[in-house]
Each structure stands twice: as structure tokens, then as C-alpha cells.
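Engineer: Sharing work.csv (CSV, C-alpha atoms) below.
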chain,number,residue,atom,x,y,z
A,1,MET,CA,102.5,84.5,116.7
A,2,THR,CA,99.7,81.9,117.3
A,3,ILE,CA,99.2,79.1,114.8
A,4,VAL,CA,95.5,78.8,114.1
A,5,ASN,CA,95.3,76.7,111.0
A,6,GLU,CA,97.4,74.3,108.8
A,7,ALA,CA,99.5,75.9,106.1
A,8,SER,CA,102.5,75.1,103.9
A,9,ALA,CA,105.2,76.9,101.9
A,10,GLY,CA,107.9,75.8,99.5
A,11,THR,CA,108.3,73.1,96.9
A,12,ALA,CA,109.7,69.6,96.4
A,13,GLU,CA,112.3,70.9,94.0
A,14,SER,CA,116.0,70.3,94.5
A,15,GLY,CA,117.5,73.0,96.7
A,16,ASP,CA,114.2,73.8,98.3
A,17,ALA,CA,112.1,72.6,101.3
A,18,ARG,CA,108.4,72.0,101.7
A,19,VAL,CA,107.4,73.1,105.2
A,20,THR,CA,104.0,72.5,106.8
A,21,VAL,CA,102.9,74.1,110.1
A,22,ARG,CA,99.8,72.9,112.1
A,23,PRO,CA,98.2,74.0,115.4
A,24,ASN,CA,99.5,72.2,118.5
A,25,ALA,CA,97.7,74.1,121.3
A,26,GLY,CA,99.5,73.8,124.6
A,27,GLY,CA,101.7,71.0,123.2
A,28,GLY,CA,104.9,73.0,122.5
A,29,ILE,CA,106.9,72.4,119.3
A,30,ALA,CA,106.7,69.0,117.6
A,31,LEU,CA,109.2,68.9,114.8
A,32,GLU,CA,109.4,66.2,112.1
A,33,LEU,CA,112.3,66.3,109.6
A,34,ARG,CA,112.4,64.4,106.3
A,35,GLY,CA,114.8,64.4,103.4
A,36,PRO,CA,118.2,63.3,102.1
A,37,SER,CA,120.2,65.7,104.4
A,38,VAL,CA,118.5,64.7,107.6
A,39,ALA,CA,120.6,61.7,108.5
A,40,ARG,CA,123.8,63.9,108.4
A,41,TYR,CA,122.5,67.4,109.2
A,42,GLY,CA,119.4,66.7,111.2
A,43,ASP,CA,120.7,68.4,114.4
A,44,GLU,CA,121.6,71.5,112.4
A,45,ILE,CA,118.2,71.6,110.6
A,46,ARG,CA,116.5,71.1,113.9
A,47,ALA,CA,118.4,74.0,115.5
A,48,VAL,CA,117.6,76.3,112.5
A,49,ALA,CA,113.9,75.4,112.7
A,50,LEU,CA,113.7,76.0,116.4
A,51,SER,CA,115.5,79.3,116.3
A,52,THR,CA,113.3,80.5,113.5
A,53,LEU,CA,110.1,79.6,115.5
A,54,GLU,CA,111.5,81.3,118.5
A,55,ALA,CA,112.2,84.5,116.6
A,56,LEU,CA,108.6,84.4,115.3
A,57,GLY,CA,107.3,83.9,118.8
A,58,VAL,CA,105.7,80.6,118.0
A,59,ALA,CA,105.4,78.5,121.2
A,60,ASP,CA,103.0,75.7,120.0
A,61,ALA,CA,103.1,74.1,116.6
A,62,ALA,CA,103.5,70.8,114.8
A,63,VAL,CA,106.0,71.4,112.1
A,64,THR,CA,107.1,69.1,109.2
A,65,VAL,CA,110.2,70.0,107.2
A,66,ASP,CA,110.5,68.0,104.0
A,67,GLU,CA,113.9,69.2,102.6
A,68,LYS,CA,115.6,68.5,99.2
A,69,GLY,CA,119.1,69.8,100.0
A,70,ALA,CA,117.9,73.2,101.0
A,71,LEU,CA,120.3,75.7,102.6
A,72,ASP,CA,119.6,77.0,106.1
A,73,ALA,CA,118.4,80.4,104.6
A,74,THR,CA,115.8,78.5,102.5
A,75,ILE,CA,114.6,76.5,105.4
A,76,ARG,CA,114.2,79.6,107.5
A,77,ALA,CA,112.4,81.4,104.7
A,78,ARG,CA,110.0,78.5,104.0
A,79,LEU,CA,109.3,78.0,107.7
A,80,ALA,CA,108.6,81.7,108.3
A,81,ALA,CA,106.3,81.8,105.3
A,82,ALA,CA,104.4,78.7,106.4
A,83,ALA,CA,104.1,80.0,110.0
A,84,GLY,CA,102.9,83.4,108.8
A,85,ARG,CA,100.2,81.7,106.6
A,86,ALA,CA,99.2,79.4,109.5
A,87,ALA,CA,98.9,82.3,111.9
A,88,GLY,CA,97.0,84.4,109.3
A,89,ALA,CA,99.5,87.1,110.2
A,90,GLY,CA,99.9,90.3,108.1
A,91,ASP,CA,102.9,92.1,109.5
A,92,MET,CA,106.0,90.0,110.1
A,93,PRO,CA,108.5,90.8,112.9
A,94,TRP,CA,111.4,91.3,110.5
A,95,GLU,CA,113.6,92.8,113.1
A,96,ALA,CA,113.5,89.7,115.2
A,97,MET,CA,114.5,87.4,112.3
A,98,SER,CA,118.2,88.2,112.1
B,1,MET,CA,132.2,105.1,90.3
B,2,ARG,CA,129.7,102.2,90.6
B,3,LEU,CA,129.0,100.7,87.1
B,4,ARG,CA,125.5,99.4,86.3
B,5,ARG,CA,126.2,97.8,82.9
B,6,SER,CA,124.2,94.7,83.7
B,7,MET,CA,121.3,94.3,86.2
B,8,LEU,CA,120.5,90.6,86.4
B,9,TYR,CA,116.8,89.7,87.1
B,10,VAL,CA,116.4,86.8,89.6
B,11,PRO,CA,112.9,85.5,90.3
B,12,GLY,CA,112.3,86.0,94.0
B,13,ASN,CA,110.7,82.6,94.5
B,14,ALA,CA,113.6,80.5,93.2
B,15,PRO,CA,115.9,79.6,96.1
B,16,ALA,CA,118.8,78.1,94.1
B,17,MET,CA,118.9,81.1,91.7
B,18,LEU,CA,118.9,83.6,94.6
B,19,ARG,CA,122.0,81.9,96.0
B,20,ASP,CA,124.1,81.9,92.8
B,21,ALA,CA,123.0,85.1,91.0
B,22,HIS,CA,126.2,87.0,91.5
B,23,ILE,CA,128.6,84.3,90.2
B,24,TYR,CA,128.0,85.3,86.6
B,25,GLY,CA,129.6,88.7,87.3
B,26,PRO,CA,126.7,91.2,86.9
B,27,ASP,CA,127.2,94.7,88.2
B,28,SER,CA,123.9,94.4,90.1
B,29,VAL,CA,121.5,91.5,90.9
B,30,MET,CA,117.8,92.4,90.9
B,31,PHE,CA,115.6,90.1,93.0
B,32,ASP,CA,112.1,90.3,91.7
B,33,LEU,CA,109.0,90.3,93.9
B,34,GLU,CA,106.8,91.7,91.1
B,35,ASP,CA,105.8,90.1,87.8
B,36,SER,CA,107.8,86.9,88.1
B,37,VAL,CA,106.0,86.0,91.4
B,38,SER,CA,102.4,84.8,91.4
B,39,PRO,CA,100.0,86.6,93.8
B,40,ARG,CA,99.7,83.5,96.1
B,41,GLU,CA,103.5,83.2,96.4
B,42,LYS,CA,104.2,86.9,97.2
B,43,ASP,CA,104.7,86.3,100.9
B,44,ALA,CA,107.0,83.2,100.3
B,45,ALA,CA,109.2,85.1,97.8
B,46,ARG,CA,109.4,88.0,100.2
B,47,HIS,CA,110.8,85.7,102.9
B,48,LEU,CA,113.3,84.1,100.5
B,49,VAL,CA,114.6,87.5,99.4
B,50,PHE,CA,114.8,88.7,103.0
B,51,ARG,CA,116.9,85.7,103.9
B,52,ALA,CA,119.1,86.0,100.8
B,53,LEU,CA,119.8,89.7,101.7
B,54,LYS,CA,120.5,88.7,105.3
B,55,ASP,CA,122.5,85.5,104.9
B,56,TYR,CA,124.3,85.4,101.6
B,57,ASP,CA,127.5,87.2,100.6
B,58,TYR,CA,127.2,88.7,97.1
B,59,ALA,CA,130.9,89.8,97.1
B,60,GLY,CA,130.2,93.5,96.6
B,61,VAL,CA,127.6,93.1,93.8
B,62,GLU,CA,124.9,95.6,94.2
B,63,ARG,CA,121.7,94.0,95.6
B,64,VAL,CA,118.5,95.5,94.1
B,65,VAL,CA,115.0,94.3,94.8
B,66,ARG,CA,112.1,95.1,92.5
B,67,VAL,CA,109.2,95.5,94.8
B,68,ASN,CA,105.5,95.5,94.1
B,69,GLY,CA,103.9,99.0,93.7
B,70,LEU,CA,102.3,100.6,96.8
B,71,ASP,CA,98.9,100.4,95.0
B,72,THR,CA,99.0,96.6,95.5
B,73,PRO,CA,98.5,94.7,98.8
B,74,TYR,CA,102.1,93.7,98.7
B,75,GLY,CA,104.2,96.8,98.2
B,76,LEU,CA,104.5,98.2,101.7
B,77,GLU,CA,105.4,94.8,103.3
B,78,ASP,CA,107.9,94.2,100.5
B,79,ILE,CA,109.6,97.5,101.5
B,80,GLN,CA,109.7,96.6,105.2
B,81,ALA,CA,111.3,93.2,104.4
B,82,VAL,CA,114.0,94.4,102.0
B,83,VAL,CA,115.0,97.4,104.1
B,84,ALA,CA,115.2,95.1,107.2
B,85,GLY,CA,117.2,92.7,105.1
B,86,GLY,CA,119.8,95.3,104.2
B,87,VAL,CA,119.0,95.9,100.5
B,88,ASP,CA,121.2,98.4,98.6
B,89,ALA,CA,118.5,99.7,96.3
B,90,VAL,CA,114.7,99.4,95.8
B,91,ARG,CA,113.5,99.3,92.3
B,92,LEU,CA,109.9,100.6,91.8
B,93,PRO,CA,108.1,99.3,88.7
B,94,LYS,CA,105.5,101.3,86.7
B,95,THR,CA,106.5,104.7,87.8
B,96,ASP,CA,104.1,107.2,86.2
B,97,CYS,CA,104.8,110.4,88.1
B,98,PRO,CA,107.0,111.8,90.9
B,99,GLU,CA,104.3,111.1,93.5
B,100,ASP,CA,104.6,107.3,92.9
B,101,LEU,CA,108.3,107.5,93.8
B,102,LEU,CA,107.9,110.0,96.6
B,103,ALA,CA,105.4,107.6,98.3
B,104,VAL,CA,108.1,104.8,98.1
B,105,GLU,CA,110.6,107.2,99.4
B,106,ARG,CA,108.4,107.9,102.5
B,107,ALA,CA,107.9,104.2,103.1
B,108,VAL,CA,111.7,103.5,102.8
B,109,GLU,CA,112.5,106.4,105.1
B,110,ALA,CA,110.0,105.0,107.7
B,111,ALA,CA,111.5,101.5,107.3
B,112,GLU,CA,115.0,102.8,107.8
B,113,ARG,CA,113.9,104.4,111.1
B,114,ARG,CA,112.1,101.2,112.2
B,115,PHE,CA,115.1,98.9,111.5
B,116,GLY,CA,117.8,101.3,112.6
B,117,ARG,CA,119.4,101.8,109.2
B,118,PRO,CA,121.1,105.2,108.5
B,119,SER,CA,118.7,107.7,106.8
B,120,GLY,CA,119.2,107.8,103.1
B,121,SER,CA,121.2,104.5,103.0
B,122,VAL,CA,118.7,102.8,100.7
B,123,LYS,CA,118.9,104.0,97.1
B,124,LEU,CA,116.0,104.0,94.7
B,125,ILE,CA,115.6,103.1,91.0
B,126,ALA,CA,112.5,104.0,89.1
B,127,ALA,CA,111.3,101.9,86.1
B,128,ILE,CA,109.2,103.9,83.7
B,129,GLU,CA,106.8,101.8,81.6
B,130,SER,CA,104.1,104.1,80.2
B,131,ALA,CA,103.8,107.1,77.9
B,132,ARG,CA,102.7,109.2,80.9
B,133,GLY,CA,105.8,108.1,82.8
B,134,ILE,CA,108.2,108.9,79.9
B,135,LEU,CA,106.6,112.3,79.5
B,136,SER,CA,107.2,112.8,83.3
B,137,ALA,CA,110.7,111.3,83.2
B,138,ARG,CA,112.4,114.7,83.8
B,139,GLU,CA,110.4,115.4,87.0
B,140,ILE,CA,110.7,111.7,88.2
B,141,ALA,CA,114.5,111.8,87.7
B,142,ALA,CA,114.9,114.9,89.7
B,143,CYS,CA,112.4,114.2,92.6
B,144,SER,CA,114.5,112.3,95.1
B,145,PRO,CA,118.1,112.4,96.2
B,146,ARG,CA,117.9,108.7,96.8
B,147,LEU,CA,117.3,108.0,93.1
B,148,VAL,CA,120.4,106.6,91.4
B,149,ALA,CA,118.9,105.5,88.1
B,150,ILE,CA,115.8,105.4,85.9
B,151,ALA,CA,115.0,102.5,83.7
B,152,ILE,CA,112.7,101.8,80.8
B,153,GLY,CA,110.4,98.8,80.8
B,154,ALA,CA,109.6,98.2,77.1
B,155,GLU,CA,106.9,95.5,77.2
B,156,ASP,CA,104.4,97.6,79.1
B,157,PHE,CA,105.5,100.7,77.3
B,158,VAL,CA,104.8,99.4,73.8
B,159,THR,CA,101.5,98.0,74.9
B,160,ASP,CA,100.6,101.5,76.3
B,161,LEU,CA,101.7,103.0,73.0
B,162,HIS,CA,99.4,100.6,71.0
B,163,THR,CA,102.3,99.0,69.2
B,164,THR,CA,104.7,96.0,69.5
B,165,ARG,CA,108.4,95.6,69.8
B,166,SER,CA,110.4,95.4,66.5
B,167,PRO,CA,113.9,94.1,66.1
B,168,GLU,CA,115.0,97.6,65.1
B,169,GLY,CA,113.3,99.2,68.2
B,170,VAL,CA,112.1,102.2,66.2
B,171,GLU,CA,109.0,102.4,68.4
B,172,LEU,CA,111.2,102.9,71.5
B,173,LEU,CA,113.6,105.4,70.0
B,174,ALA,CA,111.9,108.6,71.3
B,175,ALA,CA,111.2,107.1,74.7
B,176,ARG,CA,114.8,105.8,75.2
B,177,SER,CA,116.2,109.2,74.1
B,178,LEU,CA,113.9,111.1,76.5
B,179,LEU,CA,114.8,108.7,79.3
B,180,VAL,CA,118.5,109.2,78.8
B,181,MET,CA,118.2,113.0,78.6
B,182,ALA,CA,116.1,113.0,81.8
B,183,ALA,CA,118.7,110.9,83.6
B,184,ARG,CA,121.6,113.1,82.4
B,185,ALA,CA,119.8,116.3,83.3
B,186,ALA,CA,119.4,114.9,86.9
B,187,GLY,CA,122.9,113.5,87.1
B,188,ILE,CA,121.7,109.9,87.5
B,189,MET,CA,122.0,106.7,85.4
B,190,ALA,CA,119.8,105.4,82.6
B,191,ILE,CA,119.1,101.6,82.3
B,192,ASP,CA,117.8,100.0,79.2
B,193,THR,CA,115.0,97.4,79.0
B,194,VAL,CA,115.3,93.7,78.9
B,195,PHE,CA,115.8,91.7,75.7
B,196,THR,CA,113.7,88.6,76.0
B,197,GLY,CA,115.2,86.4,73.2
B,198,VAL,CA,117.5,84.4,75.5
B,199,ASP,CA,118.9,82.4,72.6
B,200,ASP,CA,119.2,85.3,70.1
B,201,GLU,CA,122.8,86.5,70.8
B,202,GLU,CA,123.0,88.6,67.7
B,203,GLY,CA,119.7,90.4,68.4
B,204,PHE,CA,120.8,91.1,72.0
B,205,LEU,CA,124.1,92.5,70.9
B,206,ARG,CA,122.4,94.8,68.3
B,207,GLU,CA,120.0,96.1,70.9
B,208,ALA,CA,122.7,96.5,73.6
B,209,ARG,CA,124.9,98.4,71.2
B,210,LEU,CA,122.0,100.7,70.2
B,211,ALA,CA,121.3,101.4,73.9
B,212,LYS,CA,125.0,102.2,74.6
B,213,GLN,CA,125.1,104.5,71.5
B,214,LEU,CA,122.0,106.4,72.8
B,215,GLY,CA,123.8,106.9,76.1
B,216,PHE,CA,122.5,104.2,78.4
B,217,ASP,CA,124.7,103.2,81.3
B,218,GLY,CA,123.5,99.6,81.2
B,219,LYS,CA,120.7,97.2,80.6
B,220,SER,CA,118.5,95.0,82.6
B,221,VAL,CA,119.1,91.3,81.7
B,222,ILE,CA,117.1,88.2,82.2
B,223,HIS,CA,119.7,85.5,81.7
B,224,PRO,CA,123.2,85.0,83.0
B,225,SER,CA,124.5,84.5,79.4
B,226,GLN,CA,123.6,88.1,78.7
B,227,VAL,CA,125.9,89.4,81.4
B,228,ALA,CA,129.1,88.6,79.5
B,229,LEU,CA,127.6,90.0,76.3
B,230,ILE,CA,126.9,93.3,78.0
B,231,ARG,CA,130.4,93.4,79.4
B,232,PHE,CA,131.7,92.9,75.8
B,233,VAL,CA,129.6,95.7,74.5
B,234,TYR,CA,130.7,98.2,77.1
B,235,GLU,CA,134.3,97.2,77.3
B,236,PRO,CA,136.6,99.8,75.7
B,237,SER,CA,139.1,98.6,73.1
B,238,PRO,CA,142.8,98.7,74.0
B,239,GLU,CA,143.2,101.6,71.6
B,240,GLU,CA,140.4,103.6,73.3
B,241,ILE,CA,142.0,102.9,76.7
B,242,ALA,CA,145.5,103.9,75.5
B,243,LYS,CA,144.1,107.1,74.0
B,244,ALA,CA,142.0,107.9,77.1
B,245,ARG,CA,145.1,107.5,79.3
B,246,ARG,CA,147.1,109.9,77.2
B,247,VAL,CA,144.2,112.5,77.3
B,248,VAL,CA,143.9,112.2,81.1
B,249,GLU,CA,147.7,112.5,81.5
B,250,ALA,CA,147.8,115.5,79.3
B,251,ALA,CA,145.0,117.1,81.3
B,252,ALA,CA,146.8,116.4,84.5
B,253,ASP,CA,150.0,117.8,83.2
B,254,ALA,CA,148.3,121.0,82.1
B,255,GLU,CA,146.6,121.4,85.5
B,256,ALA,CA,150.0,120.8,87.2
B,257,LYS,CA,151.5,123.6,85.1
B,258,GLY,CA,148.6,125.9,85.8
B,259,SER,CA,147.7,126.0,82.2
B,260,GLY,CA,144.0,126.2,81.2
B,261,VAL,CA,144.6,124.8,77.8
B,262,VAL,CA,145.2,121.1,77.3
B,263,SER,CA,146.9,119.9,74.1
B,264,LEU,CA,147.8,116.5,72.8
B,265,ASP,CA,149.6,115.7,69.6
B,266,GLY,CA,149.2,119.4,68.6
B,267,LYS,CA,145.4,119.4,69.1
B,268,MET,CA,143.5,121.2,71.7
B,269,ILE,CA,141.6,118.9,74.1
B,270,ASP,CA,138.3,120.2,75.3
B,271,LYS,CA,136.7,119.4,78.7
B,272,PRO,CA,134.1,117.0,77.2
B,273,ILE,CA,137.0,115.0,75.6
B,274,VAL,CA,138.6,114.7,79.0
B,275,GLU,CA,135.2,113.7,80.5
B,276,ARG,CA,134.8,111.0,77.9
B,277,ALA,CA,138.3,109.7,78.5
B,278,LEU,CA,137.6,109.4,82.2
B,279,ARG,CA,134.5,107.5,81.5
B,280,VAL,CA,136.4,105.1,79.2
B,281,LEU,CA,138.9,104.5,82.0
B,282,ALA,CA,136.1,103.9,84.5
B,283,LEU,CA,134.5,101.3,82.1
B,284,ALA,CA,138.0,99.7,81.8
B,285,GLY,CA,138.0,99.5,85.6
B,286,GLU,CA,141.0,101.9,85.9
B,287,ALA,CA,139.8,105.2,87.3
B,288,SER,CA,137.0,106.8,89.3
B,289,GLU,CA,135.1,109.8,88.1
Would you give me this structure, written as C-alpha cells?

Structural biologist:
Amino acid sequence: MTIVNEASAGTAESGDARVTVRPNAGGGIALELRGPSVARYGDEIRAVALSTLEALGVADAAVTVDEKGALDATIRARLAAAAGRAAGAGDMPWEAMS
Amino acid sequence: MRLRRSMLYVPGNAPAMLRDAHIYGPDSVMFDLEDSVSPREKDAARHLVFRALKDYDYAGVERVVRVNGLDTPYGLEDIQAVVAGGVDAVRLPKTDCPEDLLAVERAVEAAERRFGRPSGSVKLIAAIESARGILSAREIAACSPRLVAIAIGAEDFVTDLHTTRSPEGVELLAARSLLVMAARAAGIMAIDTVFTGVDDEEGFLREARLAKQLGFDGKSVIHPSQVALIRFVYEPSPEEIAKARRVVEAAADAEAKGSGVVSLDGKMIDKPIVERALRVLALAGEASE
């Protein structure tokens, strides 16, 4: 999946996350985390985001995760939705996203 | 026997509600990708529901997803996502004819192959929401071995009928009865429509009791508070349970003695009475039919 434009998914509501994905051609993954859980769970959130991007086959992207106490499943879902929008992708590789 | 007394709607784009839906004790949770999700959020809701199916433990509560119809740009990808996620049953809205359901069946079958799920493992539920659909209910109910229930969606139905919903529900009587008969003829379940007055407990109980009396197996509900009310409506009384136990015991005794005639307290017990008693015990959580 190649990121070709900027796109977001999610909300700023409690229990959710707002994720933005931008092109970062040839620059690998640049990940910025914000939110109340980052100080304590930043490493876990980072691992969740990186594994989600890997499953989607995203090699280059600038990603911002602004979380409001979101569970891992919600962060994965919001990141996948934002990446899909930023790639203009129709079919998702559901089997890869276990 | 799996009960479907309450099928609790959960908007597909609400992360916190998706996580907690089962804790209110519904028989089924129904994650919605259709009317409660705006067109621009369809993809995001699909991802949330996929992850909920994959990652959360709903403690044995049946997980149903209401997908968008295959006549929309979203329906086919919805089916891919929920079958990949491990959904128990796909609910199709606005089913007008058997072909609507058969098209979903083919898409589900293909998705099962793609994602390595056993053929036939994903069940189907068809919601009927038009006069044409109600008049085709018999054919719809019998058209797929995956179909476990048919449901009536009243809001669209009364609009199609050029009327509105009344507290008594007289405008729905014929449709509800036809739907239950179609379900029974096909050996599947009948699920009643939602009651939208979340704060009107009395109105909800009146409608749920009517649906139960007409033969419905359960009701779609839109608020967690309605789950307990449905349980109350369908719960047999201690007297009904005690009588049902005696009927079933008498039938078992007669069978053990090789007698074709069952009697209890000097009265003959017919097969339908034994069937009703078994159903009472199933609703009481005591027996399987």
C-alpha cells in the first residue's frame, strides 16, 4: 500500500483516536504519538502502530496518532482506515491484518 | 438451542460501545454498518467492526453484523471484512426477494473460501422491510440453508405501506403474522422490529408482549435497558416451568414404557403440549430442543 495523499480517521472522543497519515516518500515510517496514555504506554502504542503498517504493506509514511485512551483494537482500526484513505485503496488485505 | 430473544444494535462507528456491547446480557449483539453509519464513515466503521470481531471476547454472545446491501458501493467489502473477522451471522437489510439473499450467500461463500473459513460457517439473517418483501417472506425464508432467522424492519415497512406506526401496531399485524408463519414453515426464527421510544418502558413491554404472543422468538433492540425488559417478557413463570418439567417427565416415562399415550393428572398430553413444554424449559435455560 503506497501513501499518496494526506488522510485522517477517528475522532477526539474519549476511548477513540484520531490518526493522520501523510506521504513520506523514501523516508520510512515517521511516527508521532500524542495523548494521555503515551507517557505510560507509548512503547506499546508504537508497536501496535508499526505492526499495523507492516500488515498493510506501508513502508513510507508520516503518521500522527492522537489518542484519548483508545484500546489497541481502536488504534489499529483508525490507522488502517486512515492509511486506506491516504492510499486511495479500495480492497483491503483483510487476511494480513490478524 | 440458541436463543435470540434480544439482538442489541451497536453503531459500527462507536469504539467504546463496540467493546462493551455484550455486558448487558443480550443473546446477540448486532454491529451496524448500515443506517447508523454515514456514507463518509463506512470504511472507518468497517475497520472498527473487523477489529472488534478479531480482538474482543464477547463471552459466547452471538456476533451479528448488519452489512450494507450489495446494491451499494459498500456491501461487498463489508462482507469481506466481517467474514475475515470471524462473524457468526451476517444480517442483510431490505431483503425484497430470494435473489437479494442468494447474492449475499454467494458473496459469503466466496469470502469463506478466501479467508479459509469452513463452508457454511457464516449464518445469515434477512430483514424484511417492504410490502414486496413480506409477500415474498415464504420464499425468502426457505431459500438458503444458512438462513437462521428473518426479521421485520417496521420503519421502512410502514413508509412503504403509506402509513405510520401506532402504539397498538395494527398496521403491522398482518406483516408480523405473515413473517412468523414464513419463519415457522421454514423452521427458522422470527425477530421483531425495534421499538424506538427508549424511555417508554411501558410501551416497549406492550409491544414485546404482543410480538411474543404472535410467535416471535425475539426482538431487535436499540438500547441496553431494553435487554432486561425482553428477558422479563420471555422468562417463563415458576409455575410454567414446574408444569413444563412434569409434562416432559411424563413424556419421558411414557416413552421408556413404550407407551404411545402420555397422560398427566388424568389428562392426555398431546405432542404439541410436549413441544411447548420443551420450549418453556429452553427459555428457562434448562433444556435443549

Engineer: Using all atoms listed in the file, determine which residues of chain A fall within 6 Å of chain B; present them as a ChimeraX atom specification.

Structural biologist: /A:15,73,77,81

Engineer: Can you spit out the residues from that selection as a compact mmCIF listing (two decimals), in the coordinates of the input, using C-alpha atoms?

Structural biologist:
# COMPACT_ATOMS: atom_id res chain seq x y z
CA GLY A 15 117.50 73.00 96.70
CA ALA A 73 118.40 80.40 104.60
CA ALA A 77 112.40 81.40 104.70
CA ALA A 81 106.30 81.80 105.30

Engineer: Give as a short mmCIF file (atom, residue, chain, number, x, y, z; two decimals) with C-alpha atoms, keeping the file's coordinate frame the set of residues within 10 Å of the point (114.8, 108.8, 83.5), where distances use the file's coordinates and only C-alpha atoms.

Structural biologist:
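After the write, part-v8.cif holds the following:
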data_model
loop_
_atom_site.label_atom_id
_atom_site.label_comp_id
_atom_site.auth_asym_id
_atom_site.auth_seq_id
_atom_site.Cartn_x
_atom_site.Cartn_y
_atom_site.Cartn_z
CA ILE B 125 115.60 103.10 91.00
CA ALA B 126 112.50 104.00 89.10
CA ALA B 127 111.30 101.90 86.10
CA ILE B 128 109.20 103.90 83.70
CA GLY B 133 105.80 108.10 82.80
CA ILE B 134 108.20 108.90 79.90
CA LEU B 135 106.60 112.30 79.50
CA SER B 136 107.20 112.80 83.30
CA ALA B 137 110.70 111.30 83.20
CA ARG B 138 112.40 114.70 83.80
CA GLU B 139 110.40 115.40 87.00
CA ILE B 140 110.70 111.70 88.20
CA ALA B 141 114.50 111.80 87.70
CA ALA B 142 114.90 114.90 89.70
CA LEU B 147 117.30 108.00 93.10
CA VAL B 148 120.40 106.60 91.40
CA ALA B 149 118.90 105.50 88.10
CA ILE B 150 115.80 105.40 85.90
CA ALA B 151 115.00 102.50 83.70
CA ILE B 152 112.70 101.80 80.80
CA ALA B 175 111.20 107.10 74.70
CA ARG B 176 114.80 105.80 75.20
CA SER B 177 116.20 109.20 74.10
CA LEU B 178 113.90 111.10 76.50
CA LEU B 179 114.80 108.70 79.30
CA VAL B 180 118.50 109.20 78.80
CA MET B 181 118.20 113.00 78.60
CA ALA B 182 116.10 113.00 81.80
CA ALA B 183 118.70 110.90 83.60
CA ARG B 184 121.60 113.10 82.40
CA ALA B 185 119.80 116.30 83.30
CA ALA B 186 119.40 114.90 86.90
CA ILE B 188 121.70 109.90 87.50
CA MET B 189 122.00 106.70 85.40
CA ALA B 190 119.80 105.40 82.60
CA ILE B 191 119.10 101.60 82.30
#

Engineer: Which residues are near Ile222 (chain B)? Cut-off 7 Å, all atoms listed in the file, ignore same chain within fewer than 4 positions. Put them as an mmCIF file with C-alpha atoms, in the frame of the given file.

Structural biologist:
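selection.cif written:
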data_model
loop_
_atom_site.group_PDB
_atom_site.id
_atom_site.type_symbol
_atom_site.label_atom_id
_atom_site.label_comp_id
_atom_site.auth_asym_id
_atom_site.auth_seq_id
_atom_site.Cartn_x
_atom_site.Cartn_y
_atom_site.Cartn_z
ATOM 1 C CA LEU B 8 120.500 90.600 86.400
ATOM 2 C CA TYR B 9 116.800 89.700 87.100
ATOM 3 C CA VAL B 194 115.300 93.700 78.900
#

Engineer: Here is a test: counting all atoms listed in the file, which residue of A:Gly10, A:Leu56, A:Lys68, A:Gly28 is nearest to Asp91 (chain A)?

Structural biologist: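 Checking each of A:Gly10, A:Leu56, A:Lys68, A:Gly28 against Asp91 (chain A), counting all atoms listed in the file, the winner is A:Leu56.
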
Engineer: Please compute the CA of Val248 (chain B)-CA of Pro26 (chain B) distance, one decimal, in Å.

Structural biologist: 27.8 Å

Engineer: How many Å separate CA of Ala89 (chain A) from CA of Arg18 (chain A)?

Structural biologist: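 Separating CA of Ala89 (chain A) from CA of Arg18 (chain A) is a distance of 19.5 Å.
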
Engineer: Measuring atom to atom with only C-alpha atoms, identify which of A:Thr52, A:Ala62, A:Gly42, A:Arg85 is nearest to Arg40 (chain B).

Structural biologist: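 Of A:Thr52, A:Ala62, A:Gly42, A:Arg85, the one nearest Arg40 (chain B) is A:Arg85, counting only C-alpha atoms.
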
Engineer: So that I can see what lies close to region 63-70 of chain B, please list as a ChimeraX atom specification the residues with an atom at most 9 Å from it, counting only C-alpha atoms and leaving out residues fewer than 2 positions away in the same chain.

Structural biologist: /B:7,9,12,28-35,49,53,58,60-61,72-76,78-79,82,86-95,100,103-104,124-125

Engineer: Which one of A:Ala9, A:Val4, A:Gly69, A:Leu50 sits closest to Arg22 (chain A) if you count all atoms listed in the file?

Structural biologist: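 Using all atoms listed in the file, the shortest distance to Arg22 (chain A) belongs to A:Val4.
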
Engineer: How many Å lie between CA of Ala251 (chain B) and CA of Ser263 (chain B), rounded to one decimal?

Structural biologist: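 So the two atoms, CA of Ala251 (chain B) and CA of Ser263 (chain B), lie 8.0 Å apart.
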
Engineer: Of the candidates B:Val280, B:Glu171, B:Glu275, B:Asp57, which shows the shortest atom-to-atom distance to Asp20 (chain B), using all atoms listed in the file?

Structural biologist: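 The shortest atom-to-atom distance to Asp20 (chain B) comes from B:Asp57.
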
Engineer: Point out the residue among A:Met97, A:Val65, A:Ala25, A:Ala55 with the least atom-to-atom distance to Asn5 (chain A), counting all atoms listed in the file.

Structural biologist: A:Ala25
